[in-house]
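What follows is the content of query.txt, which has compact mmCIF, C-alpha atoms and all ligand atoms:
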```txt
# COMPACT_ATOMS: atom_id res chain seq x y z
CA MET R 12 -45.19 12.53 6.69
CA ALA R 13 -41.62 13.43 5.92
CA ILE R 14 -38.96 12.44 8.41
CA TRP R 15 -37.24 15.67 9.35
CA ILE R 16 -33.71 14.31 9.50
CA ASN R 17 -34.11 13.48 5.80
CA LYS R 18 -36.09 16.56 4.91
CA TYR R 19 -33.46 18.79 6.50
CA ALA R 20 -30.38 16.81 5.56
CA PRO R 21 -27.85 19.37 4.33
CA LYS R 22 -27.61 19.65 0.54
CA THR R 23 -24.51 21.78 0.48
CA LEU R 24 -21.61 22.19 2.87
CA SER R 25 -22.88 25.59 3.88
CA GLU R 26 -25.98 23.92 5.24
CA VAL R 27 -23.94 21.70 7.54
CA GLN R 28 -24.06 23.03 11.07
CA GLY R 29 -20.69 23.59 12.75
CA GLN R 30 -17.68 21.39 11.84
CA THR R 31 -16.15 24.31 9.97
CA THR R 32 -12.51 23.22 10.09
CA ALA R 33 -13.36 19.62 9.24
CA LEU R 34 -15.48 20.62 6.27
CA GLY R 35 -12.63 22.68 4.83
CA LYS R 36 -10.34 19.67 5.02
CA LEU R 37 -12.96 17.37 3.58
CA LYS R 38 -13.40 19.56 0.55
CA GLU R 39 -9.70 19.97 0.03
CA PHE R 40 -9.21 16.22 0.23
CA VAL R 41 -11.68 15.56 -2.55
CA GLU R 42 -10.56 18.44 -4.76
CA LYS R 43 -6.90 17.53 -4.59
CA TYR R 44 -7.28 13.80 -4.75
CA LYS R 45 -5.09 11.79 -7.06
CA ARG R 46 -4.37 8.09 -7.27
CA GLY R 47 -1.96 7.00 -4.56
CA ASN R 48 -3.21 9.51 -1.96
CA LYS R 49 -4.31 8.12 1.36
CA PRO R 50 -8.05 7.70 1.89
CA LEU R 51 -9.76 9.97 4.38
CA LEU R 52 -11.06 8.47 7.62
CA ILE R 53 -13.73 10.66 9.18
CA TYR R 54 -14.52 9.85 12.77
CA GLY R 55 -16.55 11.13 15.68
CA PRO R 56 -19.75 10.41 17.62
CA GLN R 57 -23.22 9.74 16.22
CA GLY R 58 -25.45 12.27 14.57
CA ILE R 59 -23.05 15.15 14.01
CA GLY R 60 -22.91 15.31 10.23
CA LYS R 61 -20.27 12.81 9.14
CA THR R 62 -22.31 10.95 6.55
CA SER R 63 -24.43 13.86 5.51
CA SER R 64 -21.47 16.18 4.91
CA ALA R 65 -19.96 13.67 2.49
CA HIS R 66 -23.26 13.60 0.62
CA ALA R 67 -23.58 17.37 0.71
CA LEU R 68 -20.11 17.78 -0.73
CA ALA R 69 -20.77 15.29 -3.52
CA ASN R 70 -23.99 17.05 -4.35
CA GLU R 71 -22.40 20.46 -4.43
CA MET R 72 -19.43 19.31 -6.54
CA ASN R 73 -21.62 17.18 -8.77
CA TYR R 74 -19.94 13.92 -7.89
CA GLU R 75 -21.66 10.60 -7.80
CA ILE R 76 -21.48 8.78 -4.48
CA ILE R 77 -20.84 5.08 -4.40
CA GLU R 78 -21.77 4.01 -0.94
CA LEU R 79 -20.96 0.88 0.99
CA ASN R 80 -22.09 0.23 4.50
CA ALA R 81 -21.31 -2.28 7.20
CA SER R 82 -23.58 -4.98 5.86
CA ASP R 83 -21.92 -4.84 2.43
CA LEU R 84 -18.60 -5.06 4.15
CA ARG R 85 -19.10 -8.41 5.78
CA ASN R 86 -17.34 -10.43 3.21
CA ALA R 87 -14.36 -9.96 1.02
CA ASN R 88 -16.01 -11.20 -2.16
CA SER R 89 -18.72 -8.59 -2.31
CA ILE R 90 -16.20 -5.87 -1.66
CA ASN R 91 -13.86 -7.02 -4.34
CA SER R 92 -16.55 -7.34 -6.95
CA PHE R 93 -18.15 -4.04 -6.04
CA LEU R 94 -15.25 -1.80 -5.23
CA GLY R 95 -12.76 -3.50 -7.50
CA ALA R 96 -14.84 -2.53 -10.51
CA ALA R 97 -15.63 0.95 -9.30
CA ILE R 98 -12.09 1.81 -8.44
CA ASN R 99 -10.44 0.99 -11.70
CA GLN R 100 -12.59 2.30 -14.47
CA ARG R 101 -12.50 5.94 -15.22
CA SER R 102 -13.74 7.18 -18.50
CA LEU R 103 -13.21 10.73 -19.59
CA PHE R 104 -16.89 11.55 -19.75
CA ALA R 105 -18.20 9.65 -16.77
CA LYS R 106 -19.32 11.57 -13.76
CA LYS R 107 -16.69 11.86 -11.05
CA LYS R 108 -17.17 9.62 -8.08
CA ILE R 109 -16.61 9.55 -4.36
CA ILE R 110 -16.48 6.18 -2.67
CA LEU R 111 -18.05 6.34 0.74
CA ILE R 112 -17.53 3.47 3.13
CA ASP R 113 -19.84 4.24 6.01
CA GLU R 114 -19.79 2.93 9.57
CA VAL R 115 -16.83 0.60 9.23
CA ASP R 116 -16.85 0.02 12.95
CA GLY R 117 -20.27 -1.52 12.63
CA LEU R 118 -18.26 -4.60 11.80
CA SER R 119 -17.40 -6.56 14.87
CA GLY R 120 -14.28 -8.69 14.73
CA LYS R 121 -16.36 -11.87 14.60
CA GLU R 122 -18.61 -10.78 11.78
CA ASP R 123 -15.78 -9.50 9.70
CA ARG R 124 -15.04 -12.20 7.20
CA GLY R 125 -12.09 -10.56 5.56
CA GLY R 126 -13.99 -7.35 4.83
CA VAL R 127 -11.57 -4.97 6.44
CA ALA R 128 -8.63 -6.76 4.88
CA ALA R 129 -10.24 -6.55 1.46
CA ILE R 130 -10.76 -2.81 1.80
CA ASN R 131 -7.20 -2.44 2.94
CA ALA R 132 -5.94 -4.13 -0.16
CA LEU R 133 -7.94 -1.87 -2.46
CA LEU R 134 -7.28 1.44 -0.82
CA GLU R 135 -4.10 2.46 -2.56
CA LYS R 136 -5.27 1.62 -6.03
CA SER R 137 -8.32 3.82 -6.20
CA VAL R 138 -8.61 6.46 -8.87
CA TYR R 139 -11.48 7.96 -6.90
CA PRO R 140 -11.27 9.56 -3.48
CA ILE R 141 -12.34 7.16 -0.75
CA ILE R 142 -14.00 8.48 2.40
CA ILE R 143 -14.33 6.08 5.28
CA VAL R 144 -16.55 6.87 8.25
CA ALA R 145 -16.20 5.44 11.74
CA ASN R 146 -17.40 6.29 15.22
CA ASP R 147 -14.31 4.98 16.89
CA PRO R 148 -11.30 4.34 14.68
CA TYR R 149 -9.28 3.14 17.63
CA LYS R 150 -11.06 -0.17 17.78
CA LYS R 151 -8.67 -3.07 17.53
CA ASN R 152 -9.86 -4.49 14.25
CA LEU R 153 -9.51 -1.11 12.54
CA ALA R 154 -5.87 -0.64 13.49
CA SER R 155 -4.41 -1.64 10.14
CA LEU R 156 -7.00 0.36 8.23
CA ARG R 157 -6.42 3.42 10.37
CA LYS R 158 -2.72 3.43 9.65
CA LYS R 159 -3.35 3.71 5.95
CA CYS R 160 -5.69 6.66 6.25
CA GLU R 161 -5.56 10.32 6.87
CA LEU R 162 -7.67 11.00 9.98
CA LEU R 163 -10.23 13.76 10.26
CA GLU R 164 -12.12 14.34 13.47
CA TYR R 165 -15.68 15.66 13.67
CA ARG R 166 -16.70 17.03 17.03
CA ASN R 167 -19.82 16.91 19.12
CA LEU R 168 -21.94 19.94 18.35
CA ALA R 169 -22.25 22.56 21.06
CA TYR R 170 -25.76 22.84 22.46
CA THR R 171 -25.96 26.43 21.24
CA SER R 172 -25.30 25.19 17.73
CA ILE R 173 -28.02 22.56 18.10
CA LEU R 174 -30.38 25.14 19.53
CA SER R 175 -30.00 27.46 16.58
CA TYR R 176 -30.58 24.59 14.15
CA LEU R 177 -33.73 23.54 16.01
CA LYS R 178 -34.99 27.10 15.88
CA LYS R 179 -34.65 27.14 12.10
CA ILE R 180 -36.67 23.95 11.82
CA CYS R 181 -39.35 25.30 14.16
CA GLN R 182 -39.66 28.33 11.95
CA LYS R 183 -40.01 26.28 8.77
CA GLU R 184 -42.42 23.81 10.35
CA LYS R 185 -44.35 26.53 12.17
CA ILE R 186 -43.79 24.88 15.53
CA LYS R 187 -44.50 26.99 18.57
CA ALA R 188 -41.75 26.29 21.06
CA ASP R 189 -40.70 28.31 24.04
CA GLU R 190 -37.05 29.13 24.49
CA GLU R 191 -36.72 27.18 27.72
CA SER R 192 -38.06 23.92 26.30
CA LEU R 193 -35.96 24.17 23.16
CA THR R 194 -32.87 24.89 25.21
CA SER R 195 -33.37 21.93 27.48
CA LEU R 196 -34.00 19.71 24.49
CA ALA R 197 -30.80 20.96 22.86
CA ARG R 198 -28.86 20.32 26.04
CA SER R 199 -30.25 16.86 26.61
CA VAL R 200 -28.89 15.19 23.47
CA GLY R 201 -25.20 15.44 24.27
CA GLY R 202 -24.19 17.02 20.97
CA ASP R 203 -26.17 14.65 18.73
CA LEU R 204 -28.10 16.76 16.23
CA ARG R 205 -29.85 13.80 14.68
CA ALA R 206 -31.30 12.84 18.07
CA ALA R 207 -32.32 16.45 18.68
CA ILE R 208 -34.19 16.69 15.37
CA ASN R 209 -35.88 13.34 15.94
CA ASP R 210 -36.93 14.36 19.43
CA LEU R 211 -38.24 17.68 18.20
CA GLN R 212 -40.34 15.98 15.56
CA SER R 213 -41.80 13.43 17.89
CA PHE R 214 -42.55 15.83 20.75
CA SER R 215 -44.07 18.55 18.60
CA TYR R 216 -46.55 16.44 16.67
CA ASN R 217 -49.33 18.80 17.69
CA GLY R 218 -47.58 21.89 16.42
CA LYS R 219 -46.01 22.94 19.66
CA LEU R 220 -43.28 22.00 22.07
CA THR R 221 -43.92 22.48 25.75
CA LYS R 222 -42.17 21.67 28.98
CA LYS R 223 -44.77 19.04 29.65
CA ASP R 224 -43.93 17.08 26.50
CA LEU R 225 -40.31 17.11 27.50
CA GLU R 226 -40.95 15.99 31.03
CA LEU R 227 -42.79 12.99 29.70
CA ALA R 228 -39.86 12.12 27.52
CA TYR R 229 -37.40 12.51 30.33
CA SER R 230 -39.38 10.27 32.60
CA ARG R 231 -38.99 7.65 29.88
CA ASP R 232 -35.29 8.27 30.11
CA HIS R 233 -35.33 7.93 33.88
CA THR R 234 -37.10 4.63 33.59
CA GLU R 235 -34.34 3.31 31.38
CA LYS R 236 -31.71 4.42 33.86
CA ILE R 237 -33.41 2.87 36.82
CA ILE R 238 -33.89 -0.40 34.98
CA ASN R 239 -30.17 -0.39 34.26
CA SER R 240 -29.44 0.00 37.94
CA LEU R 241 -31.79 -2.85 38.79
CA VAL R 242 -29.96 -5.09 36.35
CA ARG R 243 -26.70 -4.15 38.04
CA ILE R 244 -27.98 -4.98 41.50
CA PHE R 245 -30.00 -8.08 40.74
CA LYS R 246 -27.50 -9.69 38.41
CA THR R 247 -24.32 -9.36 40.44
CA LEU R 248 -22.79 -10.89 43.52
CA SER R 249 -20.06 -8.30 43.69
CA ALA R 250 -20.37 -5.40 46.10
CA ASP R 251 -18.10 -3.29 43.90
CA VAL R 252 -20.42 -3.63 40.95
CA ALA R 253 -23.58 -3.04 42.95
CA ILE R 254 -22.41 -0.02 44.89
CA THR R 255 -22.34 2.29 41.89
CA ALA R 256 -25.76 1.17 40.71
CA PHE R 257 -27.61 4.39 41.52
CA ASP R 258 -24.88 6.81 40.43
CA GLU R 259 -26.72 7.79 37.28
CA VAL R 260 -30.21 7.73 38.71
CA GLU R 261 -31.93 11.00 39.50
CA GLU R 262 -35.16 9.53 40.81
CA ASP R 263 -35.92 10.29 44.41
CA LEU R 264 -35.39 7.67 47.07
CA ASP R 265 -39.08 6.87 47.50
CA LYS R 266 -39.41 5.85 43.88
CA ILE R 267 -36.33 3.66 44.08
CA PHE R 268 -37.96 1.83 46.98
CA PHE R 269 -41.04 1.18 44.92
CA TRP R 270 -38.99 -0.10 42.00
CA ILE R 271 -37.09 -2.57 44.15
CA ASP R 272 -40.18 -3.61 46.04
CA GLU R 273 -41.98 -4.33 42.80
CA ASN R 274 -39.19 -6.18 41.02
CA LEU R 275 -37.44 -8.07 43.78
CA PRO R 276 -39.92 -10.97 43.59
CA ARG R 277 -39.58 -11.09 39.81
CA GLU R 278 -35.87 -11.77 40.09
CA TYR R 279 -35.34 -13.56 43.41
CA THR R 280 -37.58 -16.55 43.08
CA LYS R 281 -36.03 -18.58 45.89
CA VAL R 282 -37.71 -17.89 49.21
CA PRO R 283 -34.59 -17.38 51.40
CA ASP R 284 -33.16 -14.89 48.89
CA LEU R 285 -36.43 -13.04 48.74
CA ALA R 286 -36.72 -12.94 52.52
CA LYS R 287 -33.22 -11.51 52.91
CA GLY R 288 -33.86 -9.03 50.14
CA PHE R 289 -37.01 -7.72 51.76
CA ALA R 290 -35.29 -7.64 55.15
CA ASN R 291 -32.66 -5.30 53.70
CA LEU R 292 -35.35 -3.22 52.07
CA ALA R 293 -37.08 -2.92 55.44
CA ILE R 294 -33.92 -1.78 57.21
CA ALA R 295 -33.33 0.76 54.48
CA ASP R 296 -36.86 1.95 55.07
CA VAL R 297 -36.12 2.50 58.75
CA PHE R 298 -33.18 4.71 57.82
CA LYS R 299 -35.32 6.55 55.32
CA GLY R 300 -37.82 7.26 58.08
CA ARG R 301 -35.05 8.70 60.23
CA ILE R 302 -33.86 10.92 57.43
CA LYS R 303 -37.34 12.34 57.06
CA ARG R 304 -38.13 12.62 60.75
CA TRP R 305 -34.84 13.92 62.04
CA GLN R 306 -33.19 15.23 58.90
CA TYR R 307 -30.29 12.82 59.37
CA TYR R 308 -29.05 13.20 55.83
CA ARG R 309 -26.00 11.07 56.56
CA PHE R 310 -28.33 8.11 56.50
CA TYR R 311 -28.77 8.48 52.78
CA VAL R 312 -25.51 6.59 52.40
CA TYR R 313 -26.82 3.67 54.47
CA CYS R 314 -30.01 3.68 52.52
CA TYR R 315 -28.34 3.54 49.14
CA ASN R 316 -25.84 0.92 50.32
CA LEU R 317 -28.60 -1.32 51.63
CA LEU R 318 -30.61 -0.90 48.45
CA SER R 319 -27.66 -1.69 46.22
CA VAL R 320 -25.08 -3.91 47.91
CA GLY R 321 -27.56 -5.19 50.50
CA ILE R 322 -30.02 -6.37 47.89
CA ALA R 323 -27.30 -7.70 45.59
CA LEU R 324 -25.78 -9.86 48.29
CA SER R 325 -29.12 -11.17 49.52
CA LYS R 326 -28.97 -13.97 47.01
CA GLU R 327 -27.03 -17.23 47.20
CA GLU R 328 -26.28 -17.28 43.51
CA LYS R 329 -27.15 -15.38 40.38
CA TYR R 330 -30.39 -16.10 38.58
CA PRO R 331 -29.70 -16.83 34.94
CA GLY R 332 -31.68 -15.39 32.07
CA PHE R 333 -33.42 -12.17 31.33
CA THR R 334 -36.02 -10.66 33.63
CA SER R 335 -38.28 -7.93 32.45
CA TYR R 336 -38.44 -5.29 35.18
CA LYS R 337 -41.61 -3.27 35.49
CA PRO R 338 -42.33 0.16 36.85
CA THR R 339 -44.09 -0.08 40.11
CA THR R 340 -47.79 -0.64 40.19
CA ARG R 341 -47.72 0.55 43.78
CA ILE R 342 -47.66 4.18 42.70
CA LEU R 343 -50.75 3.54 40.68
CA ARG R 344 -52.34 1.77 43.60
CA MET R 345 -51.41 4.61 45.92
CA TRP R 346 -52.84 7.10 43.53
CA MET R 347 -56.07 5.15 43.26
CA ALA R 348 -56.26 4.90 47.02
CA ASN R 349 -55.77 8.63 47.26
CA GLN R 350 -58.51 9.24 44.73
CA LYS R 351 -60.82 7.00 46.69
CA ASN R 352 -59.87 8.76 49.87
CA ALA R 353 -60.44 12.11 48.20
CA LYS R 354 -64.08 11.20 47.50
CA LYS R 355 -64.52 9.92 50.99
CA LYS R 356 -63.04 13.08 52.41
CA ALA R 357 -65.22 15.31 50.25
CA ILE R 358 -68.32 13.53 51.47
CA ALA R 359 -67.12 13.69 55.06
CA GLN R 360 -66.60 17.43 54.72
CA LYS R 361 -70.18 17.85 53.57
CA ILE R 362 -71.43 15.79 56.49
CA ALA R 363 -69.25 17.78 58.87
CA ALA R 364 -70.57 21.08 57.55
CA ARG R 365 -74.19 20.00 57.79
CA THR R 366 -73.96 18.34 61.18
CA HIS R 367 -71.41 20.58 62.84
CA THR R 368 -68.98 17.79 63.58
CA SER R 369 -65.32 17.41 62.72
CA THR R 370 -64.29 15.98 59.36
CA LYS R 371 -62.38 13.29 61.18
CA LYS R 372 -65.49 12.14 63.05
CA ALA R 373 -67.54 12.39 59.87
CA MET R 374 -65.12 10.06 58.08
CA GLU R 375 -66.47 7.26 60.27
CA ASP R 376 -70.02 8.18 59.30
CA VAL R 377 -69.16 7.78 55.66
CA ILE R 378 -68.62 4.08 56.23
CA LEU R 379 -72.05 3.79 57.84
CA MET R 380 -73.59 5.75 54.99
CA ASN R 381 -72.08 3.23 52.63
CA GLN R 382 -74.41 0.60 54.07
CA ILE R 383 -77.46 2.82 53.80
CA PHE R 384 -76.73 3.73 50.21
CA LYS R 385 -76.27 0.11 49.26
CA LYS R 386 -79.44 -1.14 50.94
CA ASN R 387 -82.01 1.59 51.30
CA LYS R 388 -82.80 3.63 48.23
CA LYS R 389 -85.35 5.93 49.80
CA GLU R 390 -83.22 6.83 52.81
CA SER R 391 -80.24 7.36 50.61
CA GLU R 392 -82.12 9.81 48.40
CA LYS R 393 -83.14 11.83 51.42
CA LEU R 394 -79.60 11.83 52.71
CA SER R 395 -78.08 12.91 49.46
CA ASP R 396 -80.56 15.80 49.20
CA PHE R 397 -79.80 16.83 52.73
CA LEU R 398 -76.05 16.72 52.22
CA GLU R 399 -76.22 18.07 48.65
CA LEU R 400 -74.12 15.22 47.32
CA ASP R 401 -73.30 15.19 43.63
CA LYS R 402 -73.84 12.27 41.26
CA GLU R 403 -70.33 10.96 41.53
CA GLU R 404 -70.43 10.99 45.30
CA VAL R 405 -73.69 9.10 45.31
CA ALA R 406 -72.25 6.57 42.87
CA TRP R 407 -69.21 6.19 45.07
CA LEU R 408 -71.35 5.54 48.14
CA ARG R 409 -73.43 2.98 46.26
CA GLY R 410 -70.44 1.25 44.66
N1 LIG R 501 -23.74 19.04 11.41
C1 LIG R 501 -24.98 18.84 10.95
N2 LIG R 501 -25.59 19.80 10.21
C2 LIG R 501 -26.84 19.63 9.74
N3 LIG R 501 -27.57 18.53 9.96
C3 LIG R 501 -27.03 17.55 10.69
C4 LIG R 501 -25.72 17.66 11.22
N4 LIG R 501 -25.45 16.54 11.91
C5 LIG R 501 -26.54 15.78 11.83
N5 LIG R 501 -27.50 16.37 11.10
C6 LIG R 501 -28.85 15.85 10.86
O1 LIG R 501 -28.87 14.51 11.33
C7 LIG R 501 -29.00 13.59 10.27
C8 LIG R 501 -27.98 12.49 10.44
O2 LIG R 501 -26.68 12.99 10.35
P1 LIG R 501 -25.45 12.14 9.84
O3 LIG R 501 -24.60 12.99 9.03
O4 LIG R 501 -25.96 10.89 9.19
O5 LIG R 501 -24.77 11.79 11.22
P2 LIG R 501 -23.49 10.89 11.47
O6 LIG R 501 -22.47 11.83 12.02
O7 LIG R 501 -23.93 9.89 12.48
O8 LIG R 501 -23.09 10.27 10.15
C9 LIG R 501 -28.79 14.38 9.01
O9 LIG R 501 -29.62 13.89 7.99
C10 LIG R 501 -29.20 15.79 9.40
O10 LIG R 501 -30.59 15.93 9.29
MG MG R 502 -23.42 8.28 9.59
```
Would you write out, as structure tokens, the structure that this file holds?
Amino acid sequence: MAIWINKYAPKTLSEVQGQTTALGKLKEFVEKYKRGNKPLLIYGPQGIGKTSSAHALANEMNYEIIELNASDLRNANSINSFLGAAINQRSLFAKKKIILIDEVDGLSGKEDRGGVAAINALLEKSVYPIIIVANDPYKKNLASLRKKCELLEYRNLAYTSILSYLKKICQKEKIKADEESLTSLARSVGGDLRAAINDLQSFSYNGKLTKKDLELAYSRDHTEKIINSLVRIFKTLSADVAITAFDEVEEDLDKIFFWIDENLPREYTKVPDLAKGFANLAIADVFKGRIKRWQYYRFYVYCYNLLSVGIALSKEEKYPGFTSYKPTTRILRMWMANQKNAKKKAIAQKIAARTHTSTKKAMEDVILMNQIFKKNKKESEKLSDFLELDKEEVAWLRG
């Protein structure tokens, strides 16, 4: 199966979505390049066409691309031997070249063993145009490099622009997608077309994109966010840090309770810490009850403060190391309990109908029937005929 971001990588500049002004400048830079010109430093966020527009341009102008990425850049020797050779030779008949140095900011200061300095030294000598790509050129270790370059900004793509690109892909791939789902997908990626295409491919594996697929994906996203807030709360002793923990979380309050309830014992392994933590959780629960009962919405603040700062400060000292936080199993347990209750209720309703009693009263009878079904096969068969129980109900009573 082809990966769509490769399959649909632009082959010419006209296939690059948006970035119109930048593309004009990019082309001009390469066309007018002569030795001694400054290199071009393209920058901007992920997945908006920086790398692929350089390739598209080379393809359209029939240039060869010599590409270096962060891992090649780690040491000065490899750069000198690679770039040094490429930069100097230029035969009359050889294909023209573009030197592309991608993701320079992938180099952290520590890892950089003279790589950036080595590039710096070579920049002015190149007979070929050099294009450097960075996410953030204002990082400290890129300061000297930045000063030697001409800067060109690529911008986040508007969601409308992403939407229209996704529509084209849907058409080519024969994906059935409704407008609403596509729009919310396009909005959710924050201008990153690569992420949008990847999401589209993974959610539409069965030939269609529906709201349901998206909801699943977003719940994955929510889980990440809530885990981040747990890390904030559990791993700090500072109220200032903890208090903002739920700012990004859109889960409802009930779910947050479950998450803390489930993970508190994983992190706070000392008994006094755990006891204080649960005490705060309990007080928060009292406030939550008041919100629900009396619509005292002001209590939300108390709730969130207890759940964040309250829990954070319940510990004597921080627990070192990494804890893997889990989604609550309580929800699953609750759901199973509900399912069980649903069967019980269904049976009780049948009893109630047959015997002219209330469902509530009949619920008690179900427990008695349990005993009969477990011990007396003959009686139980009569009963199930009388009540017109189905197979599953009988199995439930026996089990
Ligand atoms: N502006 C764009 N036009 C068309 N495709 C794009 C654009 N931006 C990203 N893509 C898609 O995402 C993939 C990755 O884009 P890329 O240019 O590598 O992003 P980056 O800006 O991070 O270098 C491309 O192969 C292409 O499929
Ligand atoms: Mg890139």
Q.
Around ligand LIG 501 (chain R), which protein and nucleic acid residues have at least one atom no more than 6 Å from it, if we count all atoms listed in the file? List them as an MDAnalysis selection string.
A. chainID R and resid 16:17 19:21 27:29 57:63 204:205
(Q) What's the separation between CA of Leu211 in chain R and CA of Lys179 in chain R, in Å to one decimal place? (A) 11.8 Å
Q. CA of Ile110 in chain R and CA of Ile141 in chain R are how many Å apart?
A.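 Answer for the CA of Ile110 in chain R to CA of Ile141 in chain R separation: 4.7 Å.
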Q) Between CA of Leu398 in chain R and CA of Ile358 in chain R, what is the distance, to one decimal in Å? A)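 Going from CA of Leu398 in chain R over to CA of Ile358 in chain R, I get 8.4 Å.
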Q. Which residue, R:His66, R:Lys45, R:Lys326, R:Lys38, has the smallest gap to ligand MG 502 (chain R) when you use all atoms listed in the file?
A.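 Counting all atoms listed in the file, the residue closest to ligand MG 502 (chain R) is R:His66.
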Give the padded box for range 276-282 of chain R as JSON: axis-aligned, covering all atoms listed in the file, 8 Å on each side, centre and edge lengths in Å to one decimal.
```
{"center_x": -37.6, "center_y": -14.8, "center_z": 44.5, "size_x": 20.6, "size_y": 23.6, "size_z": 25.4}
```
